[in-house]
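One file, structure-v7.txt, carrying compact mmCIF, N, CA and C atoms and all ligand atoms:
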# COMPACT_ATOMS: atom_id res chain seq x y z
N MET A 1 -0.23 -1.18 -3.25
CA MET A 1 0.67 -1.04 -2.11
C MET A 1 0.53 0.34 -1.47
N ALA A 2 0.27 1.32 -2.31
CA ALA A 2 0.21 2.69 -1.82
C ALA A 2 -1.11 3.00 -1.13
N SER A 3 -1.99 2.02 -1.11
CA SER A 3 -3.31 2.28 -0.53
C SER A 3 -3.26 2.29 0.99
N GLU A 4 -4.41 2.48 1.59
CA GLU A 4 -4.61 2.60 3.03
C GLU A 4 -3.46 3.30 3.77
N GLY A 5 -3.24 4.53 3.39
CA GLY A 5 -2.31 5.43 4.07
C GLY A 5 -0.99 4.81 4.46
N ARG A 6 -0.06 4.74 3.54
CA ARG A 6 1.17 4.04 3.84
C ARG A 6 1.94 4.75 4.95
N LYS A 7 2.37 3.95 5.90
CA LYS A 7 3.14 4.49 7.01
C LYS A 7 4.51 4.88 6.51
N GLU A 8 4.94 6.06 6.89
CA GLU A 8 6.25 6.48 6.44
C GLU A 8 7.21 6.52 7.62
N LYS A 9 8.37 6.01 7.39
CA LYS A 9 9.41 5.99 8.42
C LYS A 9 10.60 6.79 7.93
N VAL A 10 11.40 7.18 8.86
CA VAL A 10 12.61 7.91 8.51
C VAL A 10 13.81 7.00 8.72
N ILE A 11 14.62 6.90 7.70
CA ILE A 11 15.84 6.09 7.81
C ILE A 11 17.03 7.04 7.79
N HIS A 12 17.89 6.92 8.77
CA HIS A 12 19.13 7.68 8.75
C HIS A 12 20.24 6.79 8.27
N THR A 13 21.00 7.28 7.36
CA THR A 13 22.13 6.47 6.91
C THR A 13 23.28 7.39 6.54
N ARG A 14 24.49 6.91 6.85
CA ARG A 14 25.68 7.67 6.52
C ARG A 14 26.08 7.41 5.08
N ILE A 15 26.31 8.46 4.32
CA ILE A 15 26.79 8.28 2.95
C ILE A 15 27.98 9.19 2.72
N PRO A 16 28.84 8.82 1.80
CA PRO A 16 30.00 9.66 1.51
C PRO A 16 29.55 11.03 0.99
N ALA A 17 30.33 12.06 1.31
CA ALA A 17 29.98 13.41 0.88
C ALA A 17 29.83 13.49 -0.64
N ALA A 18 30.67 12.76 -1.34
CA ALA A 18 30.61 12.80 -2.80
C ALA A 18 29.29 12.25 -3.31
N LEU A 19 28.81 11.22 -2.62
CA LEU A 19 27.53 10.63 -3.03
C LEU A 19 26.39 11.60 -2.77
N GLU A 20 26.46 12.27 -1.63
CA GLU A 20 25.43 13.26 -1.32
C GLU A 20 25.40 14.34 -2.40
N GLU A 21 26.60 14.76 -2.79
CA GLU A 21 26.72 15.79 -3.81
C GLU A 21 26.09 15.32 -5.12
N GLN A 22 26.37 14.07 -5.46
CA GLN A 22 25.82 13.50 -6.70
C GLN A 22 24.30 13.46 -6.64
N ILE A 23 23.79 13.01 -5.52
CA ILE A 23 22.33 12.89 -5.37
C ILE A 23 21.68 14.26 -5.46
N LYS A 24 22.31 15.24 -4.80
CA LYS A 24 21.75 16.59 -4.84
C LYS A 24 21.72 17.15 -6.26
N ARG A 25 22.82 16.91 -6.96
CA ARG A 25 22.89 17.44 -8.32
C ARG A 25 21.86 16.77 -9.22
N LEU A 26 21.74 15.45 -9.03
CA LEU A 26 20.77 14.70 -9.81
C LEU A 26 19.35 15.20 -9.53
N ALA A 27 19.05 15.41 -8.25
CA ALA A 27 17.71 15.88 -7.86
C ALA A 27 17.44 17.26 -8.46
N GLU A 28 18.48 18.12 -8.42
CA GLU A 28 18.32 19.44 -9.01
C GLU A 28 18.02 19.34 -10.49
N GLY A 29 18.77 18.47 -11.14
CA GLY A 29 18.59 18.30 -12.58
C GLY A 29 17.20 17.80 -12.92
N LEU A 30 16.68 16.95 -12.07
CA LEU A 30 15.35 16.38 -12.31
C LEU A 30 14.25 17.25 -11.72
N ARG A 31 14.66 18.29 -10.98
CA ARG A 31 13.71 19.19 -10.32
C ARG A 31 12.77 18.43 -9.38
N VAL A 32 13.34 17.55 -8.60
CA VAL A 32 12.54 16.86 -7.58
C VAL A 32 13.28 17.00 -6.25
N PRO A 33 12.53 16.95 -5.14
CA PRO A 33 13.20 17.01 -3.85
C PRO A 33 14.13 15.82 -3.66
N VAL A 34 15.23 16.04 -2.95
CA VAL A 34 16.21 14.98 -2.72
C VAL A 34 15.53 13.75 -2.09
N SER A 35 14.62 14.01 -1.14
CA SER A 35 13.99 12.87 -0.46
C SER A 35 13.17 12.02 -1.43
N ASN A 36 12.49 12.69 -2.37
CA ASN A 36 11.73 11.93 -3.37
C ASN A 36 12.64 11.08 -4.24
N LEU A 37 13.73 11.71 -4.65
CA LEU A 37 14.67 11.00 -5.51
C LEU A 37 15.21 9.76 -4.80
N VAL A 38 15.64 9.95 -3.55
CA VAL A 38 16.21 8.83 -2.80
C VAL A 38 15.16 7.74 -2.62
N ARG A 39 13.93 8.16 -2.30
CA ARG A 39 12.87 7.17 -2.12
C ARG A 39 12.64 6.38 -3.41
N ASN A 40 12.59 7.11 -4.54
CA ASN A 40 12.37 6.43 -5.81
C ASN A 40 13.52 5.49 -6.14
N MET A 41 14.76 5.94 -5.84
CA MET A 41 15.91 5.09 -6.13
C MET A 41 15.86 3.81 -5.30
N LEU A 42 15.48 3.96 -4.05
CA LEU A 42 15.39 2.78 -3.19
C LEU A 42 14.32 1.82 -3.69
N GLU A 43 13.19 2.41 -4.08
CA GLU A 43 12.11 1.55 -4.59
C GLU A 43 12.55 0.84 -5.86
N ASP A 44 13.23 1.57 -6.74
CA ASP A 44 13.73 0.96 -7.97
C ASP A 44 14.72 -0.15 -7.66
N ALA A 45 15.60 0.13 -6.71
CA ALA A 45 16.64 -0.85 -6.38
C ALA A 45 16.01 -2.12 -5.82
N ILE A 46 14.99 -1.94 -4.99
CA ILE A 46 14.32 -3.11 -4.41
C ILE A 46 13.61 -3.90 -5.50
N GLU A 47 12.95 -3.17 -6.38
CA GLU A 47 12.23 -3.82 -7.48
C GLU A 47 13.20 -4.61 -8.36
N MET A 48 14.34 -3.98 -8.65
CA MET A 48 15.33 -4.64 -9.51
C MET A 48 15.91 -5.87 -8.82
N THR A 49 16.21 -5.72 -7.53
CA THR A 49 16.76 -6.85 -6.78
C THR A 49 15.77 -8.00 -6.76
N ARG A 50 14.51 -7.66 -6.58
CA ARG A 50 13.48 -8.70 -6.54
C ARG A 50 13.40 -9.42 -7.88
N ARG A 51 13.45 -8.63 -8.95
CA ARG A 51 13.36 -9.24 -10.28
C ARG A 51 14.56 -10.14 -10.55
N MET A 52 15.75 -9.67 -10.12
CA MET A 52 16.94 -10.48 -10.33
C MET A 52 16.87 -11.76 -9.51
N ARG A 53 16.37 -11.62 -8.29
CA ARG A 53 16.30 -12.79 -7.41
C ARG A 53 15.32 -13.80 -8.00
N ASP A 54 14.23 -13.31 -8.57
CA ASP A 54 13.26 -14.22 -9.17
C ASP A 54 13.83 -14.93 -10.37
N ARG A 55 14.78 -14.28 -11.02
CA ARG A 55 15.31 -14.85 -12.25
C ARG A 55 16.46 -15.82 -11.99
N VAL A 56 17.27 -15.50 -11.00
CA VAL A 56 18.48 -16.29 -10.78
C VAL A 56 18.22 -17.78 -10.56
N PRO A 57 17.25 -18.18 -9.72
CA PRO A 57 17.15 -19.61 -9.46
C PRO A 57 16.45 -20.39 -10.55
N ALA A 58 16.55 -19.94 -11.79
CA ALA A 58 15.97 -20.70 -12.89
C ALA A 58 17.07 -21.48 -13.58
N PRO A 59 17.35 -22.70 -13.10
CA PRO A 59 18.46 -23.46 -13.67
C PRO A 59 18.15 -23.97 -15.07
N HIS A 60 16.89 -23.80 -15.50
CA HIS A 60 16.53 -24.28 -16.83
C HIS A 60 16.99 -23.33 -17.91
N ASP A 61 17.20 -22.08 -17.51
CA ASP A 61 17.65 -21.11 -18.49
C ASP A 61 18.96 -21.59 -19.11
N PRO A 62 18.97 -21.78 -20.41
CA PRO A 62 20.24 -22.18 -21.01
C PRO A 62 21.20 -21.01 -21.00
N PRO A 63 22.48 -21.28 -20.94
CA PRO A 63 23.44 -20.19 -21.03
C PRO A 63 23.16 -19.42 -22.32
N THR A 64 23.36 -18.12 -22.29
CA THR A 64 22.94 -17.28 -23.40
C THR A 64 23.45 -17.77 -24.76
N ALA A 65 24.66 -18.30 -24.76
CA ALA A 65 25.25 -18.63 -26.05
C ALA A 65 24.69 -19.93 -26.64
N THR A 66 24.30 -20.85 -25.79
CA THR A 66 23.78 -22.10 -26.32
C THR A 66 22.34 -21.92 -26.72
N MET A 67 22.06 -22.09 -27.98
CA MET A 67 20.72 -21.85 -28.45
C MET A 67 19.91 -23.13 -28.45
N ASP A 68 18.61 -22.93 -28.48
CA ASP A 68 17.71 -24.07 -28.52
C ASP A 68 17.70 -24.65 -29.92
N LEU A 69 18.20 -25.85 -30.07
CA LEU A 69 18.27 -26.46 -31.39
C LEU A 69 17.22 -27.55 -31.56
N SER A 70 16.29 -27.61 -30.62
CA SER A 70 15.32 -28.71 -30.66
C SER A 70 14.41 -28.62 -31.88
N GLY A 71 14.20 -27.41 -32.41
CA GLY A 71 13.30 -27.28 -33.53
C GLY A 71 13.96 -27.47 -34.89
N VAL A 72 15.27 -27.73 -34.86
CA VAL A 72 16.00 -27.86 -36.12
C VAL A 72 15.81 -29.27 -36.69
N PHE A 73 15.31 -29.36 -37.91
CA PHE A 73 15.13 -30.69 -38.51
C PHE A 73 16.22 -31.01 -39.53
N GLY A 74 17.03 -30.03 -39.85
CA GLY A 74 18.10 -30.33 -40.79
C GLY A 74 19.14 -29.23 -40.80
N TRP A 75 20.30 -29.56 -41.32
CA TRP A 75 21.38 -28.59 -41.43
C TRP A 75 21.73 -28.42 -42.88
N GLN A 76 21.64 -27.23 -43.37
CA GLN A 76 21.95 -26.97 -44.77
C GLN A 76 23.30 -26.30 -44.88
N GLU A 77 24.13 -26.90 -45.70
CA GLU A 77 25.47 -26.35 -45.86
C GLU A 77 25.41 -25.03 -46.61
N ILE A 78 26.05 -24.03 -46.06
CA ILE A 78 26.07 -22.73 -46.71
C ILE A 78 27.46 -22.11 -46.59
N THR A 79 27.68 -21.08 -47.35
CA THR A 79 28.87 -20.25 -47.15
C THR A 79 28.39 -18.98 -46.48
N LEU A 80 28.89 -18.73 -45.31
CA LEU A 80 28.43 -17.56 -44.56
C LEU A 80 28.82 -16.27 -45.26
N ASN A 81 27.94 -15.32 -45.17
CA ASN A 81 28.28 -13.98 -45.66
C ASN A 81 28.33 -12.99 -44.50
N ILE A 82 28.11 -13.50 -43.31
CA ILE A 82 28.15 -12.66 -42.11
C ILE A 82 29.00 -13.37 -41.06
N ASP A 83 29.30 -12.68 -39.99
CA ASP A 83 29.97 -13.31 -38.86
C ASP A 83 28.90 -13.81 -37.91
N ALA A 84 29.03 -15.02 -37.48
CA ALA A 84 28.05 -15.58 -36.55
C ALA A 84 28.72 -16.66 -35.72
N PRO A 85 28.32 -16.77 -34.46
CA PRO A 85 28.91 -17.82 -33.63
C PRO A 85 28.25 -19.17 -33.91
N CYS A 86 29.03 -20.22 -33.76
CA CYS A 86 28.45 -21.56 -33.84
C CYS A 86 27.52 -21.74 -32.66
N ALA A 87 26.31 -22.23 -32.94
CA ALA A 87 25.31 -22.36 -31.88
C ALA A 87 25.65 -23.49 -30.92
N ARG A 88 26.60 -24.34 -31.29
CA ARG A 88 26.95 -25.45 -30.39
C ARG A 88 28.23 -25.16 -29.62
N CYS A 89 29.31 -24.87 -30.34
CA CYS A 89 30.60 -24.74 -29.65
C CYS A 89 30.99 -23.27 -29.46
N GLU A 90 30.16 -22.35 -29.99
CA GLU A 90 30.37 -20.92 -29.80
C GLU A 90 31.58 -20.37 -30.54
N LYS A 91 32.21 -21.20 -31.35
CA LYS A 91 33.33 -20.70 -32.16
C LYS A 91 32.79 -19.63 -33.11
N LEU A 92 33.54 -18.54 -33.26
CA LEU A 92 33.07 -17.49 -34.15
C LEU A 92 33.35 -17.87 -35.61
N LEU A 93 32.28 -17.92 -36.36
CA LEU A 93 32.40 -18.19 -37.79
C LEU A 93 32.37 -16.86 -38.52
N GLN A 94 33.16 -16.76 -39.58
CA GLN A 94 33.26 -15.49 -40.28
C GLN A 94 32.78 -15.61 -41.71
N GLY A 95 32.46 -14.45 -42.27
CA GLY A 95 32.02 -14.42 -43.65
C GLY A 95 33.00 -15.19 -44.53
N GLY A 96 32.47 -16.06 -45.40
CA GLY A 96 33.32 -16.88 -46.25
C GLY A 96 33.53 -18.28 -45.69
N ASP A 97 33.29 -18.43 -44.41
CA ASP A 97 33.45 -19.75 -43.80
C ASP A 97 32.33 -20.68 -44.24
N GLN A 98 32.66 -21.96 -44.25
CA GLN A 98 31.62 -22.95 -44.46
C GLN A 98 30.87 -23.13 -43.15
N ALA A 99 29.56 -23.14 -43.22
CA ALA A 99 28.77 -23.32 -42.00
C ALA A 99 27.50 -24.06 -42.37
N PHE A 100 26.72 -24.37 -41.37
CA PHE A 100 25.48 -25.08 -41.60
C PHE A 100 24.34 -24.31 -40.96
N LEU A 101 23.32 -24.03 -41.77
CA LEU A 101 22.16 -23.28 -41.30
C LEU A 101 21.12 -24.24 -40.77
N GLY A 102 20.64 -23.97 -39.58
CA GLY A 102 19.59 -24.81 -39.00
C GLY A 102 18.25 -24.52 -39.64
N LEU A 103 17.61 -25.57 -40.15
CA LEU A 103 16.30 -25.40 -40.77
C LEU A 103 15.23 -25.78 -39.77
N THR A 104 14.27 -24.89 -39.60
CA THR A 104 13.19 -25.16 -38.65
C THR A 104 11.85 -24.88 -39.31
N ASP A 105 10.80 -25.38 -38.70
CA ASP A 105 9.44 -25.10 -39.18
C ASP A 105 8.92 -23.81 -38.61
N ARG A 106 9.55 -23.37 -37.55
CA ARG A 106 9.05 -22.18 -36.87
C ARG A 106 9.76 -20.95 -37.40
N SER A 107 9.03 -20.18 -38.19
CA SER A 107 9.67 -19.05 -38.86
C SER A 107 10.12 -17.99 -37.87
N ARG A 108 9.56 -18.04 -36.65
CA ARG A 108 9.93 -17.00 -35.70
C ARG A 108 11.23 -17.33 -34.98
N ASP A 109 11.72 -18.54 -35.15
CA ASP A 109 12.99 -18.90 -34.52
C ASP A 109 14.12 -18.04 -35.06
N ALA A 110 15.05 -17.75 -34.20
CA ALA A 110 16.24 -17.06 -34.66
C ALA A 110 17.02 -18.03 -35.55
N ARG A 111 17.70 -17.48 -36.52
CA ARG A 111 18.54 -18.33 -37.35
C ARG A 111 19.66 -18.90 -36.51
N VAL A 112 19.99 -20.15 -36.74
CA VAL A 112 21.13 -20.72 -36.04
C VAL A 112 22.10 -21.28 -37.07
N PHE A 113 23.36 -21.08 -36.78
CA PHE A 113 24.41 -21.64 -37.62
C PHE A 113 25.30 -22.51 -36.75
N ILE A 114 25.83 -23.57 -37.34
CA ILE A 114 26.84 -24.32 -36.61
C ILE A 114 28.03 -24.56 -37.53
N CYS A 115 29.16 -24.81 -36.91
CA CYS A 115 30.37 -25.01 -37.69
C CYS A 115 30.43 -26.46 -38.16
N PRO A 116 31.25 -26.75 -39.17
CA PRO A 116 31.31 -28.12 -39.71
C PRO A 116 31.62 -29.18 -38.66
N GLU A 117 32.43 -28.83 -37.66
CA GLU A 117 32.78 -29.83 -36.64
C GLU A 117 31.58 -30.23 -35.80
N CYS A 118 30.57 -29.34 -35.74
CA CYS A 118 29.43 -29.61 -34.88
C CYS A 118 28.27 -30.27 -35.61
N VAL A 119 28.41 -30.47 -36.91
CA VAL A 119 27.33 -31.11 -37.65
C VAL A 119 27.23 -32.58 -37.22
N PRO A 120 26.03 -33.03 -36.94
CA PRO A 120 25.89 -34.44 -36.54
C PRO A 120 26.35 -35.36 -37.66
N ARG A 121 27.13 -36.35 -37.30
CA ARG A 121 27.63 -37.32 -38.29
C ARG A 121 26.87 -38.61 -38.11
N PRO A 122 26.77 -39.37 -39.19
CA PRO A 122 26.15 -40.69 -39.02
C PRO A 122 27.02 -41.52 -38.08
N VAL A 123 26.39 -42.24 -37.19
CA VAL A 123 27.17 -43.02 -36.24
C VAL A 123 27.46 -44.42 -36.77
N LYS A 124 27.11 -44.63 -38.04
CA LYS A 124 27.40 -45.94 -38.66
C LYS A 124 28.91 -46.10 -38.83
N ASN A 125 29.31 -47.32 -39.17
CA ASN A 125 30.73 -47.56 -39.38
C ASN A 125 31.17 -47.18 -40.78
N ASP A 126 30.20 -46.81 -41.62
CA ASP A 126 30.50 -46.43 -42.99
C ASP A 126 31.04 -45.00 -43.03
N ARG A 127 32.33 -44.87 -42.90
CA ARG A 127 32.91 -43.52 -42.78
C ARG A 127 32.98 -42.78 -44.11
N ARG A 128 32.95 -43.52 -45.22
CA ARG A 128 33.12 -42.87 -46.51
C ARG A 128 31.80 -42.34 -47.06
N ARG A 129 30.71 -42.55 -46.35
CA ARG A 129 29.41 -42.23 -46.93
C ARG A 129 29.28 -40.75 -47.29
N LYS A 130 29.80 -39.91 -46.46
CA LYS A 130 29.63 -38.47 -46.71
C LYS A 130 30.43 -37.98 -47.91
N ALA A 131 31.44 -38.77 -48.31
CA ALA A 131 32.30 -38.34 -49.40
C ALA A 131 31.56 -38.24 -50.72
N SER A 132 30.45 -38.96 -50.86
CA SER A 132 29.74 -38.93 -52.13
C SER A 132 28.87 -37.68 -52.25
N MET A 133 28.76 -36.91 -51.21
CA MET A 133 27.90 -35.73 -51.28
C MET A 133 28.56 -34.57 -51.98
ZN ZN B 201 30.74 -25.62 -33.56

Step by step, read the file and then write its structure as structure tokens.
Amino acid sequence: MASEGRKEKVIHTRIPAALEEQIKRLAEGLRVPVSNLVRNMLEDAIEMTRRMRDRVPAPHDPPTATMDLSGVFGWQEITLNIDAPCARCEKLLQGGDQAFLGLTDRSRDARVFICPECVPRPVKNDRRRKASM
């Protein structure tokens, strides 16, 4: 982008005196001219805005709290020794709570825990089946 002699323009903009003071102090601290600092800040802001804009329209991104459970092949009952949120309902599970650890083949997966209410139940009509475990 910086190639073939970039044309430079001057932008005038009104800013609060306090902001000017802040910018000047920051520039002094960094030992760069105010104009360089402002230019860099604008470039950074544009870059950040562009990155955010590129990221926002990704509706496939799951909400941060809901984890990908597709690789889990089983749930192992454990007693938690740490605090961890349920990967399904986000309820906070605490040390000592009964929880279920997601077992996966992919060792690089983050550990996932779910609470007893979120463990898949057999959909059969045999409700007493789990009692024998
Ligand atoms: Zn849960």

Using only N, CA and C atoms and all ligand atoms, tabulate the residues of chain A lying at most 5 Å from any atom of ligand ZN 201 (chain B), each with its closest atom pair and that distance in Å to one decimal, by chain and increasing residue number, as a tab-separated table.
residue	atom	partner	partner_atom	distance
A:Cys86	CA	B:ZN201	ZN	4.7
A:Arg88	C	B:ZN201	ZN	4.7
A:Cys89	N	B:ZN201	ZN	3.6
A:Glu90	N	B:ZN201	ZN	4.9
A:Ile114	C	B:ZN201	ZN	4.9
A:Cys115	N	B:ZN201	ZN	3.8
A:Cys118	N	B:ZN201	ZN	4.3

### Task
Apply DSSP to the structure's backbone, then extract all residues of stretch 3-124 of chain A labelled strand (DSSP E) and return them as a PyMOL selection string.
chain A and resi 72-79+84-85+92-93+98-104+113-114

### Task
Find the residues with any atom within 6 Å of (15.1, -27.1, -36.5); use only N, CA and C atoms and the coordinates as given in the file, and write the answer as a PyMOL selection string.
chain A and resi 69-74+102-105

### Query
A:Val32, A:Leu42, A:Leu93, A:Ala87: which is nearest A:Phe113, counting only N, CA and C atoms?
A:Ala87

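Taking atom N of A:Leu37 as the reference point, atom CA of A:Arg51 is found at 21.7 Å.
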
### Message
Report, in Å to a single decimal, how far apart atom N of A:Glu8 and atom N of A:Leu26 are.
### Response
25.0 Å

### Query
Between atom CA of A:Leu92 and atom C of A:Arg121, what is the distance, to one decimal in Å?
22.4 Å

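Between A:Gln98 and the residues A:Met48, A:Val112, A:Val119, A:Thr79, the shortest atom-to-atom distance, using only N, CA and C atoms, involves A:Thr79.
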